file query.cif (mmCIF, C-alpha atoms and all ligand atoms)
data_work
loop_
_atom_site.label_atom_id
_atom_site.label_comp_id
_atom_site.auth_asym_id
_atom_site.auth_seq_id
_atom_site.Cartn_x
_atom_site.Cartn_y
_atom_site.Cartn_z
CA MET A 1045 50.24 -58.40 45.74
CA THR A 1046 46.86 -59.93 44.99
CA GLN A 1047 45.23 -58.82 41.79
CA THR A 1048 41.63 -59.13 40.67
CA THR A 1049 40.36 -59.09 37.12
CA ALA A 1050 39.38 -55.44 37.64
CA ALA A 1051 43.05 -54.36 37.75
CA PRO A 1052 45.20 -54.42 34.63
CA PRO A 1053 48.78 -55.69 34.40
CA SER A 1054 51.17 -52.75 34.65
CA GLY A 1055 51.74 -52.65 30.85
CA GLU A 1056 48.12 -51.60 30.33
CA VAL A 1057 48.18 -48.74 32.81
CA ARG A 1058 48.45 -46.16 30.02
CA ASP A 1059 44.91 -47.03 28.86
CA HIS A 1060 43.62 -46.37 32.34
CA VAL A 1061 43.77 -42.91 33.77
CA ALA A 1062 43.28 -44.11 37.33
CA VAL A 1063 44.08 -47.46 38.92
CA ALA A 1064 43.57 -48.76 42.48
CA ARG A 1065 45.77 -51.70 43.43
CA ASP A 1066 44.84 -53.69 46.50
CA VAL A 1067 43.76 -50.60 48.40
CA VAL A 1068 43.09 -51.10 52.10
CA LYS A 1069 41.74 -48.22 54.19
CA SER A 1070 41.18 -48.45 57.93
CA TYR A 1071 40.04 -45.67 60.21
CA GLY A 1072 40.96 -45.58 63.88
CA ALA A 1073 43.00 -48.14 65.77
CA GLY A 1074 42.62 -51.11 68.07
CA GLU A 1075 39.13 -52.24 68.97
CA HIS A 1076 37.64 -49.07 67.41
CA ALA A 1077 39.25 -49.66 64.00
CA VAL A 1078 36.90 -49.67 61.01
CA THR A 1079 38.12 -51.18 57.75
CA ALA A 1080 36.33 -49.26 55.00
CA LEU A 1081 38.20 -50.83 52.03
CA ARG A 1082 39.48 -54.42 52.10
CA GLY A 1083 41.93 -54.68 49.21
CA VAL A 1084 40.10 -52.97 46.34
CA SER A 1085 41.60 -53.22 42.86
CA ALA A 1086 39.96 -51.38 39.98
CA ALA A 1087 41.02 -49.70 36.77
CA PHE A 1088 39.26 -46.68 35.28
CA PRO A 1089 39.56 -46.33 31.50
CA ARG A 1090 40.33 -42.98 29.93
CA GLY A 1091 37.33 -41.20 28.42
CA ARG A 1092 34.76 -43.36 30.20
CA PHE A 1093 32.10 -42.69 32.81
CA THR A 1094 32.22 -45.07 35.80
CA ALA A 1095 29.65 -45.05 38.61
CA ILE A 1096 30.33 -46.53 42.03
CA MET A 1097 27.31 -47.88 43.90
CA GLY A 1098 26.64 -49.93 47.00
CA PRO A 1099 24.73 -49.87 50.27
CA SER A 1100 25.31 -47.12 52.81
CA GLY A 1101 28.66 -47.63 54.55
CA SER A 1102 30.02 -49.95 51.84
CA GLY A 1103 33.03 -47.70 51.22
CA LYS A 1104 32.00 -45.73 48.11
CA SER A 1105 33.10 -42.29 49.30
CA THR A 1106 36.23 -43.73 50.90
CA LEU A 1107 37.24 -45.29 47.56
CA LEU A 1108 36.57 -42.05 45.68
CA HIS A 1109 38.53 -40.02 48.25
CA CYS A 1110 41.47 -42.44 48.15
CA MET A 1111 41.48 -42.42 44.32
CA ALA A 1112 41.40 -38.62 44.29
CA GLY A 1113 44.16 -38.17 46.85
CA LEU A 1114 41.76 -36.55 49.32
CA ASP A 1115 42.41 -39.33 51.84
CA THR A 1116 45.45 -41.54 52.49
CA VAL A 1117 45.40 -45.32 52.01
CA SER A 1118 46.45 -47.75 54.75
CA SER A 1119 48.13 -49.98 52.15
CA GLY A 1120 48.07 -50.53 48.41
CA SER A 1121 48.59 -47.98 45.68
CA VAL A 1122 46.63 -45.52 43.55
CA LEU A 1123 47.89 -44.48 40.13
CA ILE A 1124 46.82 -41.32 38.35
CA GLY A 1125 48.35 -41.74 34.90
CA ASP A 1126 51.67 -43.36 35.77
CA VAL A 1127 52.12 -41.55 39.11
CA ASP A 1128 51.59 -43.50 42.33
CA ILE A 1129 49.94 -40.77 44.38
CA THR A 1130 50.33 -42.71 47.64
CA LYS A 1131 54.09 -42.05 47.36
CA LEU A 1132 53.84 -38.28 46.83
CA SER A 1133 54.66 -35.64 49.41
CA ARG A 1134 51.74 -33.53 50.56
CA THR A 1135 52.91 -30.59 48.44
CA ARG A 1136 53.24 -32.66 45.26
CA LEU A 1137 49.89 -34.32 45.89
CA THR A 1138 48.21 -30.92 46.28
CA LYS A 1139 49.76 -29.78 43.01
CA LEU A 1140 48.71 -32.96 41.20
CA ARG A 1141 45.14 -32.59 42.46
CA ARG A 1142 45.04 -28.96 41.36
CA ASP A 1143 46.63 -29.55 37.96
CA ARG A 1144 45.17 -32.89 36.91
CA LEU A 1145 41.96 -33.62 38.80
CA GLY A 1146 38.50 -32.04 39.07
CA PHE A 1147 35.98 -32.38 41.89
CA VAL A 1148 32.23 -32.03 42.25
CA PHE A 1149 30.58 -32.72 45.61
CA GLN A 1150 27.02 -33.05 46.85
CA SER A 1151 27.25 -29.61 48.46
CA PHE A 1152 28.15 -27.20 45.72
CA ASN A 1153 31.07 -25.56 47.57
CA LEU A 1154 30.75 -22.21 45.80
CA LEU A 1155 32.06 -19.03 47.40
CA PRO A 1156 28.99 -16.92 48.28
CA MET A 1157 30.61 -13.51 47.67
CA LEU A 1158 31.74 -14.35 44.14
CA THR A 1159 29.66 -14.34 40.98
CA ALA A 1160 29.10 -17.51 38.99
CA GLU A 1161 31.82 -16.48 36.54
CA GLU A 1162 34.29 -15.71 39.34
CA ASN A 1163 33.52 -19.07 40.94
CA ILE A 1164 34.06 -20.87 37.63
CA ARG A 1165 37.38 -19.08 37.11
CA LEU A 1166 38.42 -19.58 40.73
CA THR A 1167 41.36 -21.88 40.02
CA GLY A 1168 42.86 -18.86 38.26
CA ARG A 1169 44.87 -21.00 35.93
CA LEU A 1170 43.06 -20.22 32.74
CA GLY A 1171 45.04 -17.86 30.55
CA ASN A 1172 43.62 -15.32 28.19
CA ARG A 1173 44.59 -17.32 25.13
CA ARG A 1174 41.93 -17.71 22.50
CA ALA A 1175 41.71 -21.48 23.11
CA ASP A 1176 41.08 -20.83 26.82
CA ARG A 1177 38.39 -18.24 26.09
CA GLU A 1178 36.73 -20.63 23.65
CA TRP A 1179 36.80 -23.50 26.15
CA PHE A 1180 35.25 -21.27 28.83
CA ALA A 1181 32.50 -20.27 26.38
CA THR A 1182 31.94 -23.89 25.31
CA ILE A 1183 31.44 -25.07 28.89
CA VAL A 1184 29.29 -22.11 29.92
CA ASP A 1185 27.01 -22.55 26.90
CA ALA A 1186 26.82 -26.33 27.22
CA LEU A 1187 25.76 -25.93 30.85
CA GLY A 1188 23.26 -23.17 30.03
CA LEU A 1189 24.98 -20.65 32.30
CA ARG A 1190 25.49 -17.79 29.86
CA GLU A 1191 22.69 -15.66 31.37
CA ARG A 1192 23.73 -16.42 34.96
CA LEU A 1193 27.40 -15.49 34.95
CA SER A 1194 26.95 -12.29 36.96
CA HIS A 1195 24.72 -13.90 39.60
CA ARG A 1196 25.92 -14.85 43.06
CA PRO A 1197 25.19 -18.39 44.37
CA ALA A 1198 22.29 -17.19 46.54
CA GLU A 1199 20.62 -15.92 43.35
CA LEU A 1200 20.90 -19.31 41.65
CA SER A 1201 18.83 -22.49 42.00
CA GLY A 1202 20.49 -25.63 43.35
CA GLY A 1203 20.72 -27.07 39.86
CA GLN A 1204 22.33 -23.88 38.54
CA GLN A 1205 24.80 -23.84 41.44
CA GLN A 1206 25.80 -27.42 40.73
CA ARG A 1207 26.22 -26.57 37.05
CA VAL A 1208 28.57 -23.74 38.09
CA ALA A 1209 30.51 -26.27 40.21
CA VAL A 1210 30.72 -28.65 37.23
CA ALA A 1211 31.92 -25.81 34.98
CA ARG A 1212 34.60 -24.88 37.53
CA ALA A 1213 35.73 -28.52 37.74
CA LEU A 1214 35.94 -28.93 33.95
CA LEU A 1215 37.57 -25.63 33.13
CA THR A 1216 41.10 -26.93 33.68
CA ARG A 1217 40.39 -30.00 31.50
CA PRO A 1218 41.13 -32.44 34.32
CA GLU A 1219 42.35 -35.94 33.50
CA VAL A 1220 39.68 -37.26 35.85
CA LEU A 1221 36.52 -35.62 37.16
CA PHE A 1222 35.59 -37.11 40.55
CA ALA A 1223 31.96 -36.58 41.55
CA ASP A 1224 30.63 -37.60 44.99
CA GLU A 1225 26.80 -37.74 44.93
CA PRO A 1226 26.65 -34.75 42.53
CA THR A 1227 22.85 -34.97 42.28
CA GLY A 1228 22.22 -35.76 45.95
CA ASN A 1229 20.91 -32.26 46.73
CA LEU A 1230 19.02 -31.73 43.47
CA ASP A 1231 15.44 -32.36 42.36
CA SER A 1232 15.13 -35.02 39.67
CA ARG A 1233 14.95 -32.54 36.76
CA SER A 1234 18.05 -30.57 37.84
CA GLY A 1235 19.82 -33.83 38.60
CA ALA A 1236 19.04 -35.14 35.12
CA GLU A 1237 20.47 -31.95 33.58
CA VAL A 1238 23.73 -32.30 35.49
CA LEU A 1239 23.99 -36.02 34.64
CA GLY A 1240 23.18 -35.31 31.00
CA PHE A 1241 26.02 -32.82 30.91
CA LEU A 1242 28.48 -35.22 32.57
CA ARG A 1243 27.50 -37.80 29.94
CA ARG A 1244 28.05 -35.27 27.12
CA SER A 1245 31.42 -34.26 28.57
CA VAL A 1246 32.49 -37.90 28.19
CA ASP A 1247 31.03 -38.34 24.70
CA ALA A 1248 31.95 -34.94 23.25
CA TYR A 1249 35.23 -34.06 25.00
CA GLY A 1250 36.57 -37.46 26.07
CA GLN A 1251 36.30 -36.54 29.76
CA THR A 1252 36.92 -39.33 32.29
CA VAL A 1253 34.29 -39.30 35.06
CA ILE A 1254 34.20 -41.36 38.28
CA MET A 1255 30.99 -40.79 40.24
CA VAL A 1256 29.64 -42.12 43.53
CA THR A 1257 25.86 -42.30 43.67
CA HIS A 1258 22.99 -43.90 45.57
CA ASP A 1259 20.64 -43.43 42.64
CA PRO A 1260 20.21 -46.23 40.06
CA GLY A 1261 18.90 -43.63 37.58
CA ALA A 1262 22.11 -41.62 37.96
CA ALA A 1263 24.29 -44.73 37.68
CA ALA A 1264 22.55 -45.67 34.42
CA HIS A 1265 24.17 -42.60 32.78
CA ALA A 1266 27.55 -44.30 33.22
CA ASP A 1267 29.35 -46.71 30.88
CA ARG A 1268 30.05 -49.03 33.77
CA VAL A 1269 28.89 -49.48 37.36
CA LEU A 1270 31.09 -50.96 40.10
CA PHE A 1271 29.21 -52.29 43.12
CA LEU A 1272 30.84 -52.22 46.53
CA ALA A 1273 29.71 -54.23 49.56
CA ASP A 1274 31.49 -54.16 52.89
CA GLY A 1275 34.64 -52.58 51.43
CA ALA A 1276 35.05 -54.87 48.40
CA ILE A 1277 33.97 -54.77 44.75
CA VAL A 1278 31.40 -57.51 44.37
CA HIS A 1279 29.83 -56.84 40.97
CA GLU A 1280 30.25 -54.86 37.77
CA LEU A 1281 27.78 -53.87 35.01
CA HIS A 1282 28.63 -52.55 31.56
CA GLY A 1283 26.17 -50.37 29.63
CA PRO A 1284 23.82 -50.49 32.62
CA THR A 1285 20.07 -49.90 32.50
CA VAL A 1286 18.18 -48.50 35.48
CA GLY A 1287 16.42 -51.86 35.88
CA GLN A 1288 19.70 -53.81 35.93
CA VAL A 1289 21.20 -51.48 38.54
CA HIS A 1290 18.04 -51.78 40.67
CA GLY A 1291 18.23 -55.56 40.34
CA VAL A 1292 21.83 -55.77 41.56
CA MET A 1293 21.11 -53.36 44.45
CA ARG A 1294 18.05 -55.41 45.45
CA ARG A 1295 20.11 -58.61 45.47
CA MET A 1296 22.72 -56.81 47.64
CA GLY A 1297 19.97 -55.71 50.02
CA GLY A 1298 20.70 -52.02 49.30
N1 LIG B 1 36.61 -40.44 58.91
C1 LIG B 1 36.13 -41.64 59.29
N2 LIG B 1 36.39 -42.15 60.51
C2 LIG B 1 35.94 -43.36 60.88
N3 LIG B 1 35.20 -44.16 60.10
C3 LIG B 1 34.90 -43.71 58.88
C4 LIG B 1 35.34 -42.43 58.41
N4 LIG B 1 34.87 -42.27 57.13
C5 LIG B 1 34.18 -43.39 56.85
N5 LIG B 1 34.19 -44.25 57.88
C6 LIG B 1 33.56 -45.58 57.92
O1 LIG B 1 34.00 -46.32 56.80
C7 LIG B 1 32.93 -47.07 56.24
C8 LIG B 1 32.71 -46.67 54.80
O2 LIG B 1 32.24 -45.31 54.77
P1 LIG B 1 31.93 -44.54 53.40
O3 LIG B 1 31.54 -43.15 53.76
O4 LIG B 1 33.05 -44.73 52.46
O5 LIG B 1 30.68 -45.38 52.87
P2 LIG B 1 29.65 -44.99 51.72
O6 LIG B 1 29.39 -46.26 50.97
O7 LIG B 1 30.14 -43.82 50.95
O8 LIG B 1 28.38 -44.62 52.61
P3 LIG B 1 27.14 -43.62 52.30
O9 LIG B 1 26.44 -44.20 51.12
O10 LIG B 1 26.30 -43.74 53.55
O11 LIG B 1 27.70 -42.26 52.08
C9 LIG B 1 31.73 -46.83 57.14
O12 LIG B 1 31.67 -47.87 58.10
C10 LIG B 1 32.05 -45.50 57.80
O13 LIG B 1 31.43 -45.41 59.06
#
call {"tool": "encode", "arguments": {"input": "query.cif", "output": "C-alpha cells", "more": "lines below"}}
Ligand SMILES: Nc1ncnc2c1ncn2[C@@H]1O[C@H](COP(=O)(O)OP(=O)(O)OP(=O)(O)O)[C@@H](O)[C@H]1O
result
Amino acid sequence: MTQTTAAPPSGEVRDHVAVARDVVKSYGAGEHAVTALRGVSAAFPRGRFTAIMGPSGSGKSTLLHCMAGLDTVSSGSVLIGDVDITKLSRTRLTKLRRDRLGFVFQSFNLLPMLTAEENIRLTGRLGNRRADREWFATIVDALGLRERLSHRPAELSGGQQQRVAVARALLTRPEVLFADEPTGNLDSRSGAEVLGFLRRSVDAYGQTVIMVTHDPGAAAHADRVLFLADGAIVHELHGPTVGQVHGVMRRMGG
C-alpha cells in the first residue's frame, strides 16, 4: 500500500476520527470509466474543521461520499474511528452512519410536513433525559431557532432551513459532521451564520467537521484546507486565510 504524508501510521489512528487510505473510486466500466479518486490518503483529526476544495470535477464530493459511507470505494479503505467501513455489510454501514455520523447537504433535505422541531428530532434517538433536553436547547439556542420551532420549512428562510438541518445533524453528537456545500444555496449573510456556527461547534463542543466547498471564504473558517485536483490531493493549508485559499485556487486554475 502506498502512503502519503497525509495518512498516519496505524498507531496514530486513534487521534484521527476518519482516515482514507489509498482510496480509488471509478465510475462505469471500459472505455466509459471515469476515475474520480486516484489513490487518496488523508487523515482527519478529531475536533478539527477540515475543508476540501478543488476545481469542479476534481473529486471533492466523491471523497466526502466515500468517507461518509454514502458511496463505495473501488479500492483502498476508509476508517471511522477504528472501523474500516469498506468492509461492513450494508446493514452495519447504515447503522454506523445513523449512530456515528451527521450530514448536511446543499439542499436542506427537510420534510415539508413536519415542523422545525419535528425535523430536528427526526432521528428519534434522543431520549427524554435531562442531558438530552439540555443538548437540544443548547443547539436550538446557539442556532437562533428558538422562535422558529413550530414553523414548517416553507415558512422558514433558506438560512433558517439550513440551520434546522445543522441542528438535526448535531443532535446525536456525531463523531463526524460531513457537510457538502452547506452554504451553496444561501446568500452570503446566511452562509456566514451557518459557517460561524460550524466553527463554534468545533471550538465549543469539540465537533469534527469535514466540509466540501467551492467558496474560499467558507474554506477560511476551517482549521485546514485540502486541495484536490484530478482525483488527488495536491496541496494543504493550515490556518488558512481567504487570500491564501484564493491564491492556491488561482494557481490550480480553479
Ligand atoms: N455517479 C457518477 N457516475 C459517473 N461519474 C461520476 C459520478 N459521480 C461523479 N462522477 C465523475 O467523477 C468526477 C468527480 O466528480 P465529483 O462530483 O466528485 O467532483 P467535485 O469536485 O465534487 O465537482 P463539483 O465541484 O462540480 O461538484 C467527475 O468527473 C464526475 O463527472
call {"tool": "closest_residue", "arguments": {"input": "query.cif", "among": "A:Thr1252, A:Ala1263, A:Phe1271, A:Ala1211", "to": "Gly1235 (chain A)", "atoms": "all atoms listed in the file"}}
result
A:Ala1263
call {"tool": "atom_distance", "arguments": {"input": "query.cif", "atom1": "CA of Pro1284 (chain A)", "atom2": "CA of Gln1150 (chain A)"}}
result
22.7 Å
call {"tool": "closest_atom_pairs", "arguments": {"input": "query.cif", "of": "chain A", "to": "ligand LIG 1 (chain B)", "cutoff": "8 Å", "atoms": "only C-alpha atoms and all ligand atoms", "output": "Markdown table"}}
result
| residue | atom | partner | partner_atom | distance |
| --- | --- | --- | --- | --- |
| A:Ser1070 | CA | B:LIG1 | O1 | 7.6 |
| A:Tyr1071 | CA | B:LIG1 | C2 | 4.8 |
| A:Gly1072 | CA | B:LIG1 | C2 | 6.3 |
| A:Ala1077 | CA | B:LIG1 | C2 | 7.8 |
| A:Val1078 | CA | B:LIG1 | N3 | 5.8 |
| A:Thr1079 | CA | B:LIG1 | O1 | 6.4 |
| A:Ala1080 | CA | B:LIG1 | O1 | 4.2 |
| A:Leu1081 | CA | B:LIG1 | C8 | 7.4 |
| A:Met1097 | CA | B:LIG1 | O6 | 7.5 |
| A:Gly1098 | CA | B:LIG1 | O6 | 6.1 |
| A:Pro1099 | CA | B:LIG1 | O6 | 5.9 |
| A:Ser1100 | CA | B:LIG1 | O9 | 3.6 |
| A:Gly1101 | CA | B:LIG1 | O5 | 3.5 |
| A:Ser1102 | CA | B:LIG1 | O6 | 3.8 |
| A:Gly1103 | CA | B:LIG1 | O4 | 3.2 |
| A:Lys1104 | CA | B:LIG1 | O7 | 3.9 |
| A:Ser1105 | CA | B:LIG1 | O7 | 3.7 |
| A:Thr1106 | CA | B:LIG1 | O4 | 3.7 |
| A:Leu1107 | CA | B:LIG1 | O4 | 6.5 |
| A:Val1256 | CA | B:LIG1 | O7 | 7.6 |
| A:Thr1257 | CA | B:LIG1 | O9 | 7.7 |
| A:His1258 | CA | B:LIG1 | O9 | 6.5 |
| A:Leu1272 | CA | B:LIG1 | O6 | 7.6 |
| A:Asp1274 | CA | B:LIG1 | C8 | 7.8 |
| A:Gly1275 | CA | B:LIG1 | C8 | 7.1 |
call {"tool": "residues_near_point", "arguments": {"input": "query.cif", "point": "(25.8, -30.4, 30.9)", "cutoff": "10 Å", "atoms": "only C-alpha atoms", "output": "list in words"}}
result
Ile1183, Val1184, Asp1185, Ala1186, Leu1187, Gly1188, Leu1189, Arg1207, Val1210, Ala1211, Ala1236, Glu1237, Val1238, Leu1239, Gly1240, Phe1241, Leu1242, Arg1243, Arg1244 and Ser1245 of chain A
call {"tool": "closest_residue", "arguments": {"input": "query.cif", "among": "A:Ala1264, A:Val1068, A:Ala1073, A:Val1148", "to": "Cys1110 (chain A)", "atoms": "only C-alpha atoms"}}
result
A:Val1068
call {"tool": "residues_around", "arguments": {"input": "query.cif", "residues": "region 1131-1140 of chain A", "least_positions_apart": "5", "cutoff": "9 Å", "atoms": "only C-alpha atoms", "output": "MDAnalysis selection string"}}
result
chainID A and resid 1113 1121 1145
call {"tool": "write_last_selection", "arguments": {"input": "query.cif", "atoms": "C-alpha atoms", "output": "PDB file, in the frame of the given file"}}
result
ATOM      1  CA  GLY A1113      44.160 -38.170  46.850  1.00  0.00           C
ATOM      2  CA  SER A1121      48.590 -47.980  45.680  1.00  0.00           C
ATOM      3  CA  LEU A1145      41.960 -33.620  38.800  1.00  0.00           C
TER       4      LEU A1145
END
call {"tool": "closest_atom_pairs", "arguments": {"input": "query.cif", "of": "region 1207-1255 of chain A", "to": "region 1198-1201 of chain A", "cutoff": "10 Å", "atoms": "all atoms listed in the file", "output": "Markdown table"}}
result
| residue | atom | partner | partner_atom | distance |
| --- | --- | --- | --- | --- |
| A:Arg1207 | CA | A:Ser1201 | CA | 9.8 |
| A:Val1208 | CA | A:Leu1200 | CA | 9.5 |
| A:Leu1230 | CA | A:Ser1201 | CA | 9.4 |
| A:Ser1234 | CA | A:Ser1201 | CA | 9.1 |
call {"tool": "closest_residue", "arguments": {"input": "query.cif", "among": "A:Leu1108, A:Val1063, A:Ala1181, A:Met1255", "to": "Arg1165 (chain A)", "atoms": "only C-alpha atoms"}}
result
A:Ala1181
call {"tool": "atom_distance", "arguments": {"input": "query.cif", "atom1": "CA of Ile1254 (chain A)", "atom2": "CA of Leu1214 (chain A)"}}
result
13.3 Å
call {"tool": "closest_residue", "arguments": {"input": "query.cif", "among": "A:Ala1062, A:Pro1197, A:Thr1216, A:Ala1112", "to": "Arg1177 (chain A)", "atoms": "only C-alpha atoms"}}
result
A:Thr1216
call {"tool": "atom_distance", "arguments": {"input": "query.cif", "atom1": "CA of Ser1119 (chain A)", "atom2": "CA of Leu1281 (chain A)"}}
result
26.9 Å
call {"tool": "closest_residue", "arguments": {"input": "query.cif", "among": "A:Ile1164, A:Leu1193, A:Val1084, A:Val1220", "to": "Gly1125 (chain A)", "atoms": "all atoms listed in the file"}}
result
A:Val1220
call {"tool": "closest_residue", "arguments": {"input": "query.cif", "among": "A:Thr1182, A:Thr1285, A:Ser1085, A:Gln1205", "to": "Asn1153 (chain A)", "atoms": "all atoms listed in the file"}}
result
A:Gln1205
call {"tool": "residues_near_point", "arguments": {"input": "query.cif", "point": "(22.5, -47.5, 37.8)", "cutoff": "8 Å", "atoms": "all atoms listed in the file", "output": "list in words"}}
result
Ala1095, Met1097, Asp1259, Pro1260, Gly1261, Ala1262, Ala1263, Ala1264, His1265, Ala1266, Val1269, Pro1284, Thr1285, Val1286, Gly1287, Gln1288, Val1289 and His1290 of chain A
call {"tool": "build_atoms", "arguments": {"input": "query.cif", "residues": "region 1113-1129 of chain A", "atoms": "N, CA and C atoms", "output": "compact mmCIF listing (two decimals), in the coordinates of the input"}}
result
# COMPACT_ATOMS: atom_id res chain seq x y z
N GLY A 1113 43.12 -38.74 46.00
CA GLY A 1113 44.16 -38.17 46.85
C GLY A 1113 43.62 -37.24 47.92
N LEU A 1114 42.34 -37.37 48.25
CA LEU A 1114 41.76 -36.55 49.32
C LEU A 1114 41.89 -37.26 50.65
N ASP A 1115 42.22 -38.55 50.62
CA ASP A 1115 42.41 -39.33 51.84
C ASP A 1115 43.59 -40.26 51.58
N THR A 1116 44.31 -40.63 52.64
CA THR A 1116 45.45 -41.54 52.49
C THR A 1116 44.96 -42.99 52.51
N VAL A 1117 45.75 -43.89 51.93
CA VAL A 1117 45.40 -45.32 52.01
C VAL A 1117 46.19 -45.94 53.17
N SER A 1118 45.69 -47.04 53.72
CA SER A 1118 46.45 -47.75 54.75
C SER A 1118 47.50 -48.64 54.10
N SER A 1119 47.14 -49.26 52.97
CA SER A 1119 48.13 -49.98 52.15
C SER A 1119 47.58 -50.08 50.74
N GLY A 1120 48.46 -50.48 49.82
CA GLY A 1120 48.07 -50.53 48.41
C GLY A 1120 48.50 -49.26 47.70
N SER A 1121 48.17 -49.16 46.42
CA SER A 1121 48.59 -47.98 45.68
C SER A 1121 47.47 -47.46 44.79
N VAL A 1122 47.59 -46.19 44.44
CA VAL A 1122 46.63 -45.52 43.55
C VAL A 1122 47.44 -44.80 42.48
N LEU A 1123 47.19 -45.15 41.22
CA LEU A 1123 47.89 -44.48 40.13
C LEU A 1123 46.96 -43.49 39.46
N ILE A 1124 47.46 -42.28 39.24
CA ILE A 1124 46.82 -41.32 38.35
C ILE A 1124 47.79 -41.16 37.19
N GLY A 1125 47.36 -41.59 35.98
CA GLY A 1125 48.35 -41.74 34.90
C GLY A 1125 49.38 -42.76 35.37
N ASP A 1126 50.67 -42.40 35.28
CA ASP A 1126 51.67 -43.36 35.77
C ASP A 1126 52.27 -42.93 37.11
N VAL A 1127 51.60 -42.02 37.82
CA VAL A 1127 52.12 -41.55 39.11
C VAL A 1127 51.40 -42.26 40.25
N ASP A 1128 52.17 -42.89 41.13
CA ASP A 1128 51.59 -43.50 42.33
C ASP A 1128 51.41 -42.39 43.36
N ILE A 1129 50.17 -41.94 43.53
CA ILE A 1129 49.94 -40.77 44.38
C ILE A 1129 50.12 -41.09 45.86
